[in-house]
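Q: Input file: entry.cif. Contents: mmCIF, C-alpha atoms (C1' of nucleotides).
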```cif
data_structure
loop_
_atom_site.label_atom_id
_atom_site.label_comp_id
_atom_site.auth_asym_id
_atom_site.auth_seq_id
_atom_site.Cartn_x
_atom_site.Cartn_y
_atom_site.Cartn_z
CA MET Q 1 162.26 -5.97 63.98
CA SER Q 2 163.17 -5.80 67.61
CA ASP Q 3 166.66 -5.03 68.77
CA LEU Q 4 168.67 -7.80 70.25
CA PHE Q 5 172.24 -6.84 69.53
CA PRO Q 6 173.12 -3.39 70.80
CA GLN Q 7 173.45 -0.52 68.36
CA LYS Q 8 176.87 0.22 66.95
CA GLY Q 9 177.30 3.49 68.79
CA HIS Q 10 175.55 2.59 72.02
CA ASP Q 11 176.78 3.85 75.34
CA HIS Q 12 178.64 0.80 76.49
CA ASP Q 13 179.58 2.32 79.83
CA ARG Q 14 175.91 2.16 80.62
CA CYS Q 15 175.88 -1.58 79.85
CA VAL Q 16 178.81 -2.10 82.16
CA HIS Q 17 177.42 -0.03 84.97
CA SER Q 18 174.04 -1.64 84.74
CA ALA Q 19 175.61 -5.08 84.68
CA LEU Q 20 177.69 -4.30 87.73
CA ALA Q 21 174.70 -2.93 89.59
CA GLN Q 22 172.67 -6.02 88.76
CA ALA Q 23 175.52 -8.31 89.73
CA GLU Q 24 175.86 -6.60 93.06
CA LYS Q 25 172.16 -6.95 93.66
CA VAL Q 26 172.15 -10.64 92.76
CA CYS Q 27 175.14 -11.33 94.99
CA ASP Q 28 173.45 -9.46 97.78
CA VAL Q 29 170.24 -11.42 97.43
CA GLU Q 30 172.12 -14.71 97.20
CA ASN Q 31 174.38 -13.76 100.06
CA ALA Q 32 177.35 -14.38 97.83
CA ARG Q 33 180.60 -12.42 97.85
CA PHE Q 34 181.35 -10.25 94.87
CA THR Q 35 185.08 -10.24 95.57
CA ASP Q 36 187.73 -8.20 93.82
CA MET Q 37 188.77 -11.06 91.59
CA ARG Q 38 185.20 -11.89 90.64
CA ARG Q 39 184.48 -8.26 89.92
CA LYS Q 40 187.61 -8.00 87.79
CA VAL Q 41 186.69 -11.06 85.75
CA PHE Q 42 183.10 -9.91 85.45
CA THR Q 43 184.17 -6.47 84.30
CA LEU Q 44 186.58 -7.94 81.75
CA ILE Q 45 183.80 -10.10 80.35
CA TRP Q 46 181.65 -7.02 80.06
CA GLN Q 47 184.30 -5.06 78.15
CA SER Q 48 182.47 -6.16 75.05
CA HIS Q 49 179.40 -8.07 73.99
CA LYS Q 50 181.61 -10.82 72.61
CA ALA Q 51 182.21 -14.12 74.29
CA VAL Q 52 185.68 -14.40 75.76
CA THR Q 53 187.63 -17.49 76.69
CA ALA Q 54 189.09 -18.27 80.09
CA TYR Q 55 192.60 -17.82 78.75
CA GLU Q 56 191.78 -14.49 77.17
CA LEU Q 57 190.63 -13.38 80.61
CA LEU Q 58 193.80 -14.80 82.12
CA ASP Q 59 195.89 -12.85 79.62
CA ALA Q 60 193.96 -9.67 80.31
CA LEU Q 61 194.46 -10.05 84.05
CA THR Q 62 198.15 -10.73 83.50
CA ALA Q 63 198.40 -7.68 81.26
CA ASP Q 64 196.88 -5.79 84.17
CA GLY Q 65 199.88 -6.74 86.24
CA LEU Q 66 198.31 -9.56 88.24
CA ARG Q 67 199.93 -12.96 88.69
CA VAL Q 68 196.95 -15.13 88.07
CA GLN Q 69 196.78 -18.86 87.32
CA PRO Q 70 194.07 -20.74 85.42
CA PRO Q 71 192.23 -22.05 88.51
CA THR Q 72 191.64 -18.51 89.67
CA VAL Q 73 189.91 -17.62 86.43
CA TYR Q 74 187.93 -20.83 86.29
CA ARG Q 75 186.78 -20.36 89.86
CA ALA Q 76 185.57 -16.87 89.12
CA LEU Q 77 183.81 -18.14 86.02
CA GLU Q 78 182.21 -20.97 87.96
CA PHE Q 79 180.95 -18.53 90.56
CA LEU Q 80 179.60 -16.12 87.96
CA THR Q 81 177.93 -18.80 85.83
CA GLU Q 82 176.35 -20.47 88.84
CA LEU Q 83 174.75 -17.19 89.81
CA GLY Q 84 173.67 -16.69 86.21
CA LEU Q 85 175.71 -13.50 85.90
CA VAL Q 86 177.57 -14.85 82.91
CA HIS Q 87 176.76 -17.64 80.49
CA ARG Q 88 179.01 -20.14 78.82
CA VAL Q 89 178.77 -20.69 75.08
CA GLU Q 90 179.42 -24.40 74.79
CA SER Q 91 180.23 -24.32 71.12
CA LEU Q 92 182.91 -21.67 71.69
CA ASN Q 93 184.24 -22.56 75.14
CA ALA Q 94 183.68 -18.93 75.92
CA TYR Q 95 181.72 -16.70 78.26
CA PHE Q 96 179.63 -13.58 77.98
CA GLY Q 97 177.69 -11.42 80.38
CA CYS Q 98 174.03 -11.96 81.04
CA ASP Q 99 171.94 -8.83 80.87
CA ARG Q 100 168.99 -10.31 82.74
CA PRO Q 101 170.59 -12.12 85.64
CA ASP Q 102 167.64 -11.49 87.89
CA CYS Q 103 165.09 -13.50 85.97
CA GLU Q 104 165.05 -17.21 85.41
CA HIS Q 105 165.35 -18.12 81.74
CA LEU Q 106 166.29 -20.92 79.40
CA GLY Q 107 169.36 -19.62 77.66
CA GLN Q 108 169.06 -19.07 73.95
CA TYR Q 109 172.07 -17.41 72.43
CA PHE Q 110 172.52 -15.78 69.06
CA ILE Q 111 176.19 -15.71 68.12
CA CYS Q 112 177.35 -13.56 65.24
CA THR Q 113 180.13 -15.32 63.37
CA ASP Q 114 181.22 -12.04 61.83
CA CYS Q 115 181.49 -9.55 64.69
CA GLY Q 116 181.67 -12.19 67.43
CA ARG Q 117 178.97 -10.66 69.56
CA VAL Q 118 176.55 -12.78 71.51
CA ALA Q 119 173.01 -11.77 72.35
CA GLU Q 120 170.64 -13.60 74.53
CA ALA Q 121 167.04 -14.17 73.61
CA VAL Q 122 164.31 -14.95 76.04
CA ASN Q 123 161.77 -16.37 73.69
CA GLU Q 124 158.73 -18.16 74.97
CA ASP Q 125 158.01 -19.84 71.65
CA MET Q 126 161.39 -21.49 71.71
CA SER Q 127 161.17 -22.41 75.37
CA ASN Q 128 157.73 -23.81 74.89
CA ALA Q 129 158.76 -25.77 71.83
CA VAL Q 130 161.63 -27.31 73.75
CA ARG Q 131 159.41 -28.14 76.71
CA LYS Q 132 156.70 -29.56 74.49
CA ALA Q 133 159.17 -31.69 72.54
CA ALA Q 134 160.59 -33.01 75.79
CA ARG Q 135 157.16 -33.79 77.17
CA SER Q 136 156.15 -35.62 74.03
CA VAL Q 137 159.03 -38.04 74.43
CA GLY Q 138 158.84 -38.37 78.19
CA PHE Q 139 162.03 -36.48 78.80
CA THR Q 140 162.62 -34.55 82.04
CA ILE Q 141 164.61 -31.41 81.31
CA GLN Q 142 167.47 -30.43 83.59
CA ALA Q 143 169.27 -27.94 81.36
CA THR Q 144 169.09 -26.68 77.83
CA THR Q 145 171.64 -25.27 75.47
CA VAL Q 146 170.37 -23.34 72.48
CA GLU Q 147 173.12 -21.70 70.46
CA ILE Q 148 172.34 -20.15 67.13
CA LYS Q 149 175.24 -19.10 64.95
CA GLY Q 150 174.94 -16.78 62.01
CA LEU Q 151 174.97 -13.13 61.11
CA CYS Q 152 173.52 -10.39 63.22
CA HIS Q 153 171.48 -7.78 61.39
CA ASP Q 154 174.34 -5.27 61.37
CA CYS Q 155 176.78 -7.71 59.85
CA ALA Q 156 174.29 -9.13 57.37
CA THR Q 157 173.45 -5.71 55.97
CA HIS Q 158 176.81 -3.93 56.06
CA MET N 1 154.37 -40.85 74.08
CA SER N 2 156.53 -41.57 71.10
CA ASP N 3 159.75 -43.48 71.39
CA LEU N 4 162.95 -41.56 71.01
CA PHE N 5 165.45 -43.50 73.02
CA PRO N 6 165.64 -47.15 71.99
CA GLN N 7 164.07 -49.80 74.19
CA LYS N 8 166.25 -51.44 76.79
CA GLY N 9 166.36 -54.82 75.11
CA HIS N 10 166.38 -53.65 71.51
CA ASP N 11 168.36 -55.49 68.87
CA HIS N 12 171.37 -53.24 68.72
CA ASP N 13 173.02 -55.20 65.93
CA ARG N 14 170.20 -53.97 63.79
CA CYS N 15 171.03 -50.35 64.68
CA VAL N 16 174.66 -50.94 63.78
CA HIS N 17 173.91 -52.69 60.52
CA SER N 18 171.41 -50.10 59.49
CA ALA N 19 173.80 -47.30 60.38
CA LEU N 20 176.58 -48.92 58.37
CA ALA N 21 174.31 -49.42 55.40
CA GLN N 22 173.17 -45.81 55.53
CA ALA N 23 176.73 -44.57 55.93
CA GLU N 24 177.83 -46.55 52.90
CA LYS N 25 174.99 -45.12 50.92
CA VAL N 26 175.75 -41.56 51.94
CA CYS N 27 179.44 -41.99 51.12
CA ASP N 28 178.51 -43.45 47.78
CA VAL N 29 176.19 -40.58 46.96
CA GLU N 30 178.76 -38.03 48.11
CA ASN N 31 181.55 -39.84 46.33
CA ALA N 32 183.44 -40.00 49.60
CA ARG N 33 185.63 -42.88 50.73
CA PHE N 34 184.42 -44.91 53.65
CA THR N 35 187.92 -46.11 54.49
CA ASP N 36 188.87 -48.76 57.03
CA MET N 37 189.76 -46.19 59.66
CA ARG N 38 186.56 -44.23 59.15
CA ARG N 39 184.53 -47.39 59.30
CA LYS N 40 186.31 -48.45 62.49
CA VAL N 41 185.67 -45.12 64.17
CA PHE N 42 182.08 -45.09 62.95
CA THR N 43 181.49 -48.60 64.23
CA LEU N 44 183.01 -47.77 67.60
CA ILE N 45 180.73 -44.77 67.90
CA TRP N 46 177.80 -47.01 67.14
CA GLN N 47 178.73 -49.53 69.81
CA SER N 48 176.26 -47.70 71.99
CA HIS N 49 173.79 -44.85 71.85
CA LYS N 50 175.99 -42.82 74.16
CA ALA N 51 178.19 -39.99 73.06
CA VAL N 52 181.87 -40.91 73.11
CA THR N 53 184.88 -38.63 73.24
CA ALA N 54 187.73 -38.59 70.74
CA TYR N 55 190.10 -40.00 73.32
CA GLU N 56 187.74 -42.80 74.25
CA LEU N 57 187.75 -43.74 70.59
CA LEU N 58 191.52 -43.48 70.56
CA ASP N 59 191.74 -45.80 73.55
CA ALA N 60 189.36 -48.27 71.97
CA LEU N 61 191.40 -48.34 68.77
CA THR N 62 194.57 -48.79 70.78
CA ALA N 63 192.96 -51.61 72.76
CA ASP N 64 192.21 -53.14 69.38
CA GLY N 65 195.92 -53.29 68.74
CA LEU N 66 196.21 -50.29 66.44
CA ARG N 67 198.84 -47.61 66.89
CA VAL N 68 196.72 -44.57 66.37
CA GLN N 69 197.42 -40.94 67.20
CA PRO N 70 194.92 -38.18 67.97
CA PRO N 71 194.95 -36.60 64.50
CA THR N 72 193.79 -39.85 62.99
CA VAL N 73 190.75 -39.93 65.21
CA TYR N 74 189.98 -36.25 64.75
CA ARG N 75 190.25 -36.61 61.00
CA ALA N 76 187.83 -39.49 60.97
CA LEU N 77 185.48 -37.52 63.20
CA GLU N 78 185.74 -34.49 60.95
CA PHE N 79 184.91 -36.61 57.93
CA LEU N 80 181.97 -38.28 59.63
CA THR N 81 180.54 -35.09 61.06
CA GLU N 82 180.86 -33.23 57.77
CA LEU N 83 178.86 -35.93 56.05
CA GLY N 84 176.34 -35.81 58.88
CA LEU N 85 176.99 -39.44 59.81
CA VAL N 86 177.83 -38.50 63.36
CA HIS N 87 177.05 -35.44 65.42
CA ARG N 88 179.07 -33.63 68.00
CA VAL N 89 177.56 -32.77 71.37
CA GLU N 90 179.15 -29.42 72.13
CA SER N 91 178.38 -29.50 75.80
CA LEU N 92 180.13 -32.87 76.19
CA ASN N 93 182.90 -32.67 73.59
CA ALA N 94 181.61 -36.00 72.42
CA TYR N 95 180.16 -37.68 69.38
CA PHE N 96 177.27 -39.99 68.61
CA GLY N 97 175.88 -41.64 65.51
CA CYS N 98 173.13 -40.03 63.48
CA ASP N 99 170.29 -42.37 62.64
CA ARG N 100 168.92 -40.18 59.83
CA PRO N 101 172.03 -39.16 57.94
CA ASP N 102 170.19 -39.01 54.66
CA CYS N 103 167.85 -36.19 55.53
CA GLU N 104 168.72 -32.61 56.26
CA HIS N 105 167.81 -31.58 59.78
CA LEU N 106 168.56 -29.06 62.47
CA GLY N 107 170.13 -31.11 65.20
CA GLN N 108 168.24 -31.24 68.46
CA TYR N 109 169.72 -33.62 70.94
CA PHE N 110 168.27 -35.09 74.10
CA ILE N 111 171.05 -36.20 76.43
CA CYS N 112 170.26 -38.41 79.40
CA THR N 113 172.47 -37.46 82.31
CA ASP N 114 171.78 -40.81 83.96
CA CYS N 115 172.38 -43.43 81.28
CA GLY N 116 174.43 -41.20 79.01
CA ARG N 117 172.46 -41.96 75.90
CA VAL N 118 171.79 -39.34 73.28
CA ALA N 119 168.75 -39.27 71.04
CA GLU N 120 168.14 -36.96 68.19
CA ALA N 121 164.84 -35.25 67.65
CA VAL N 122 163.67 -33.82 64.40
CA ASN N 123 161.00 -31.53 65.63
CA GLU N 124 159.41 -28.98 63.36
CA ASP N 125 158.01 -26.93 66.22
CA MET N 126 161.45 -26.41 67.62
CA SER N 127 163.01 -25.72 64.23
CA ASN N 128 160.25 -23.28 63.40
CA ALA N 129 160.52 -21.55 66.74
CA VAL N 130 164.25 -21.10 66.22
CA ARG N 131 163.76 -19.79 62.70
CA LYS N 132 160.98 -17.48 63.76
CA ALA N 133 162.97 -16.11 66.66
CA ALA N 134 165.91 -15.49 64.34
CA ARG N 135 163.73 -13.78 61.76
CA SER N 136 162.17 -11.53 64.37
CA VAL N 137 165.55 -10.15 65.32
CA GLY N 138 166.99 -10.00 61.81
CA PHE N 139 169.42 -12.81 62.39
CA THR N 140 170.63 -15.03 59.53
CA ILE N 141 171.09 -18.58 60.77
CA GLN N 142 174.16 -20.53 59.75
CA ALA N 143 174.07 -23.31 62.32
CA THR N 144 172.13 -24.24 65.40
CA THR N 145 172.97 -26.22 68.47
CA VAL N 146 170.11 -27.47 70.59
CA GLU N 147 171.16 -29.74 73.41
CA ILE N 148 168.70 -30.74 76.07
CA LYS N 149 170.02 -32.48 79.15
CA GLY N 150 167.90 -34.39 81.58
CA LEU N 151 166.43 -37.81 82.20
CA CYS N 152 165.15 -40.11 79.52
CA HIS N 153 161.87 -41.82 80.22
CA ASP N 154 163.55 -45.08 81.24
CA CYS N 155 165.82 -43.41 83.74
CA ALA N 156 163.11 -41.11 85.10
CA THR N 157 160.76 -44.01 85.85
CA HIS N 158 163.14 -46.76 87.02
"C1'" DC L 1 189.95 -12.24 119.16
"C1'" DA L 2 189.72 -17.45 118.12
"C1'" DG L 3 188.23 -20.72 115.08
"C1'" DA L 4 185.84 -22.09 111.02
"C1'" DA L 5 184.63 -21.29 106.42
"C1'" DA L 6 185.42 -19.26 102.11
"C1'" DA L 7 188.42 -17.56 98.74
"C1'" DT L 8 192.66 -17.36 96.50
"C1'" DG L 9 197.53 -18.87 95.51
"C1'" DA L 10 200.57 -22.24 93.62
"C1'" DT L 11 201.99 -26.40 91.47
"C1'" DA L 12 201.11 -30.00 88.71
"C1'" DT L 13 198.71 -32.41 85.44
"C1'" DA L 14 194.58 -34.01 82.81
"C1'" DT L 15 191.81 -33.42 78.74
"C1'" DT L 16 190.72 -31.82 74.22
"C1'" DA L 17 192.43 -30.40 69.72
"C1'" DT L 18 195.42 -29.01 65.83
"C1'" DA L 19 199.72 -27.66 63.07
"C1'" DA L 20 203.16 -29.34 60.09
"C1'" DC L 21 205.52 -32.45 57.46
"C1'" DA L 22 206.40 -37.49 55.97
"C1'" DT L 23 204.63 -41.57 54.04
"C1'" DT L 24 201.29 -44.56 52.07
"C1'" DT L 25 197.21 -45.65 49.48
"C1'" DC L 26 194.21 -45.16 45.75
"C1'" DA L 27 191.89 -43.50 41.60
"C1'" DT L 28 192.69 -42.27 36.88
"C1'" DC L 29 194.20 -41.89 32.61
"C1'" DA L 30 197.95 -41.76 29.20
"C1'" DT R 1 199.47 -51.07 33.38
"C1'" DG R 2 202.30 -48.19 35.65
"C1'" DA R 3 203.29 -43.13 36.30
"C1'" DT R 4 201.31 -39.47 38.75
"C1'" DG R 5 198.71 -36.62 41.54
"C1'" DA R 6 195.26 -36.37 45.06
"C1'" DA R 7 193.55 -38.18 49.20
"C1'" DA R 8 194.29 -40.46 53.38
"C1'" DT R 9 197.00 -41.72 57.11
"C1'" DG R 10 201.31 -41.73 59.99
"C1'" DT R 11 204.29 -39.16 63.04
"C1'" DT R 12 205.93 -35.67 65.98
"C1'" DA R 13 205.19 -31.83 68.42
"C1'" DT R 14 202.53 -28.59 70.65
"C1'" DA R 15 198.44 -25.57 71.43
"C1'" DA R 16 194.19 -24.79 73.93
"C1'" DT R 17 191.03 -25.87 77.55
"C1'" DA R 18 190.24 -27.47 82.24
"C1'" DT R 19 190.81 -29.46 86.92
"C1'" DA R 20 192.91 -31.85 91.16
"C1'" DT R 21 195.35 -30.98 95.24
"C1'" DC R 22 197.33 -28.79 98.90
"C1'" DA R 23 199.04 -24.25 100.98
"C1'" DT R 24 197.97 -19.70 102.35
"C1'" DT R 25 195.18 -15.73 103.02
"C1'" DT R 26 190.93 -13.42 103.82
"C1'" DT R 27 186.50 -13.01 105.76
"C1'" DC R 28 182.71 -14.17 108.64
"C1'" DT R 29 180.79 -15.52 113.06
"C1'" DG R 30 180.49 -16.55 117.69
#
```
Represent the structure contained in this file as structure tokens.

A:
Amino acid sequence: MSDLFPQKGHDHDRCVHSALAQAEKVCDVENARFTDMRRKVFTLIWQSHKAVTAYELLDALTADGLRVQPPTVYRALEFLTELGLVHRVESLNAYFGCDRPDCEHLGQYFICTDCGRVAEAVNEDMSNAVRKAARSVGFTIQATTVEIKGLCHDCATH
Amino acid sequence: MSDLFPQKGHDHDRCVHSALAQAEKVCDVENARFTDMRRKVFTLIWQSHKAVTAYELLDALTADGLRVQPPTVYRALEFLTELGLVHRVESLNAYFGCDRPDCEHLGQYFICTDCGRVAEAVNEDMSNAVRKAARSVGFTIQATTVEIKGLCHDCATH
DNA sequence: CAGAAAATGATATATTATAACATTTCATCA
DNA sequence: TGATGAAATGTTATAATATATCATTTTCTG
């Protein structure tokens, strides 16, 4: 069984640093500005592997002493999602950090209903099945949402 | 290419009547009450093959002369979705009628961004790919959301 | 450095959804 | 058949999510 969700005791600082480094690279390539506010929101999202809501981010920023209003958070989220640095979980109205922002992929998210973590799969079988199904009914794909809720291996076995 | 979205000039009354008949049957089997309000909401949803929001339904009921409040609509929607008579499109916060409420299926929805219609696929390849992907990472599925946005054949070719 | 463009601030409000308690309707069985 | 309890709906209030609009600040570019 391959890993998808990080190990319990993993070095999360590494996740954060790697994510920041990748984000900087993507912004550089796209000639987009990784401003303070965007970096703050991005870093907050990466505080865990869970999906967080816009208002949780707002509260966290407020707790940090900033006077931030909803549009500020939503703008940062729009920027980050458009660059593929974070993804939105439609069924949760929440956001989590992408760990492969540099490669194009159909998003397929596993969401643990116990621990709340979200992990992204890049699975060709699934992508192909979606594409094949679309082709067979003459449908032209613009975007796909694949969200799978259940128990991650840790939560199922402990 | 198999049909998925109904033909332009199809006999929609037939869809509605069939849906109502199936809904009655499901309610009967489940020993659930298909009350006036639930029937009204269900029928409104079936006025088209598009997904409609709770507040659009509320407005339609109001236009019909009823004094209805949001909880009434949400309760009807909860009832209908729990019985599998209607499905919720997470990425649209909207609902559409299921045309196969009697058989268990993983929902896979094709959503046309041009005409707004939603069609449900029951595709074993996709279901299997999802299950296989889950198994390979030790994930226990509780629910899946597969929403594919794009252009239906009609809209892509006309 | 001026001017334009991008980002953020600030205010207001739209949209989606649910909590809590009151009332009505309906099935059932004594 | 009518008392009664469960289910459904009514009613009021409010929570949670999201965006429109215009003002101000920051940053880029010439």

Q: Which residues fall under the PyMOL selection byres ((chain R) within 9 of (chain Q)) in this file, as a ChimeraX atom specification?

A: /R:16-19

Q: Could you list, as a PyMOL selection string, every residue matched by the PyMOL selection byres ((chain N) within 10 of (chain Q)) in this structure?

A: chain N and resi 1-5+88-93+108-113+121-157

Q: Taking (200.5, -41.1, 64.2) in the file's coordinates as the center, which residues reach within 8 Å of it, counting only C-alpha atoms (C1' of nucleotides), put as an NGL selection string?

A: (:N and (67-72)) or (:R and (9-12))

Q: Assuming the chain letters and numbering stay as they are in my file, what does the PyMOL selection byres ((chain L) within 10 of (chain Q)) actually select? List them as a list in words.

A: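 Checked against the file, the PyMOL selection byres ((chain L) within 10 of (chain Q)) matches DA6, DA7, DT8, DG9 and DA10 of chain L.
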
Q: Mind pulling up the distance from atom CA of Asp64 of chain N to atom CA of Cys98 of chain N?

A: 23.9 Å

Q: What does the distance between atom CA of Glu30 of chain N and atom C1' of DA3 of chain R come to in Å, to one decimal place?

A: 27.7 Å

Q: Can you pull out the residues contacting segment 12-17 of chain N? Cut-off 10 Å, using only C-alpha atoms (C1' of nucleotides), and skip same-chain residues under 3 positions away; I want them as a ChimeraX atom specification.

A: /N:6-9,20-23,42-49,97,99

Q: Would you list the contacts of DA7 of chain R as a PyMOL selection string, taking every protein, DNA or RNA residue within 12 Å and counting only C-alpha atoms (C1' of nucleotides), but skipping same-chain residues closer than 3 positions in sequence?

A: (chain N and resi 32-33+35) or (chain L and resi 24-27)

Q: The residues within 10 Å of (189.6, -19.3, 115.1), using all atoms listed in the file and the coordinates of the file, should be reported as a PDB file with C-alpha atoms (C1' of nucleotides), keeping the file's coordinate frame; which are they?

A:
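As a result, selection-v5.pdb now contains:
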```pdb
ATOM      1  C1'  DC L   1     189.950 -12.240 119.160  1.00  0.00           C
ATOM      2  C1'  DA L   2     189.720 -17.450 118.120  1.00  0.00           C
ATOM      3  C1'  DG L   3     188.230 -20.720 115.080  1.00  0.00           C
ATOM      4  C1'  DA L   4     185.840 -22.090 111.020  1.00  0.00           C
TER       5       DA L   4
ATOM      6  C1'  DT R  29     180.790 -15.520 113.060  1.00  0.00           C
ATOM      7  C1'  DG R  30     180.490 -16.550 117.690  1.00  0.00           C
TER       8       DG R  30
END
```

Q: Mind checking which residues fall within 6 Å of Lys50 of chain N, counting only C-alpha atoms (C1' of nucleotides), ignoring those fewer than 4 positions away in the same chain, and posting them as an MDAnalysis selection string?

A: chainID N and resid 116:118

Q: Using all atoms of segment 14-27 of chain L that appear in the file, construct an axis-aligned enclosing box with 4 Å of padding on every side and provide its centre coordinates and edge lengths in Å, rounded to one decimal, as AutoDock Vina command-line options.

A:
```
--center_x 198.6 --center_y -36.7 --center_z 62.2 --size_x 23.7 --size_y 26.0 --size_z 49.2
```

Q: In Å, with one decimal, what is the gap from atom C1' of DG2 of chain R to atom C1' of DT23 of chain L?

A: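 That distance, rounded to one decimal, is 19.7 Å.
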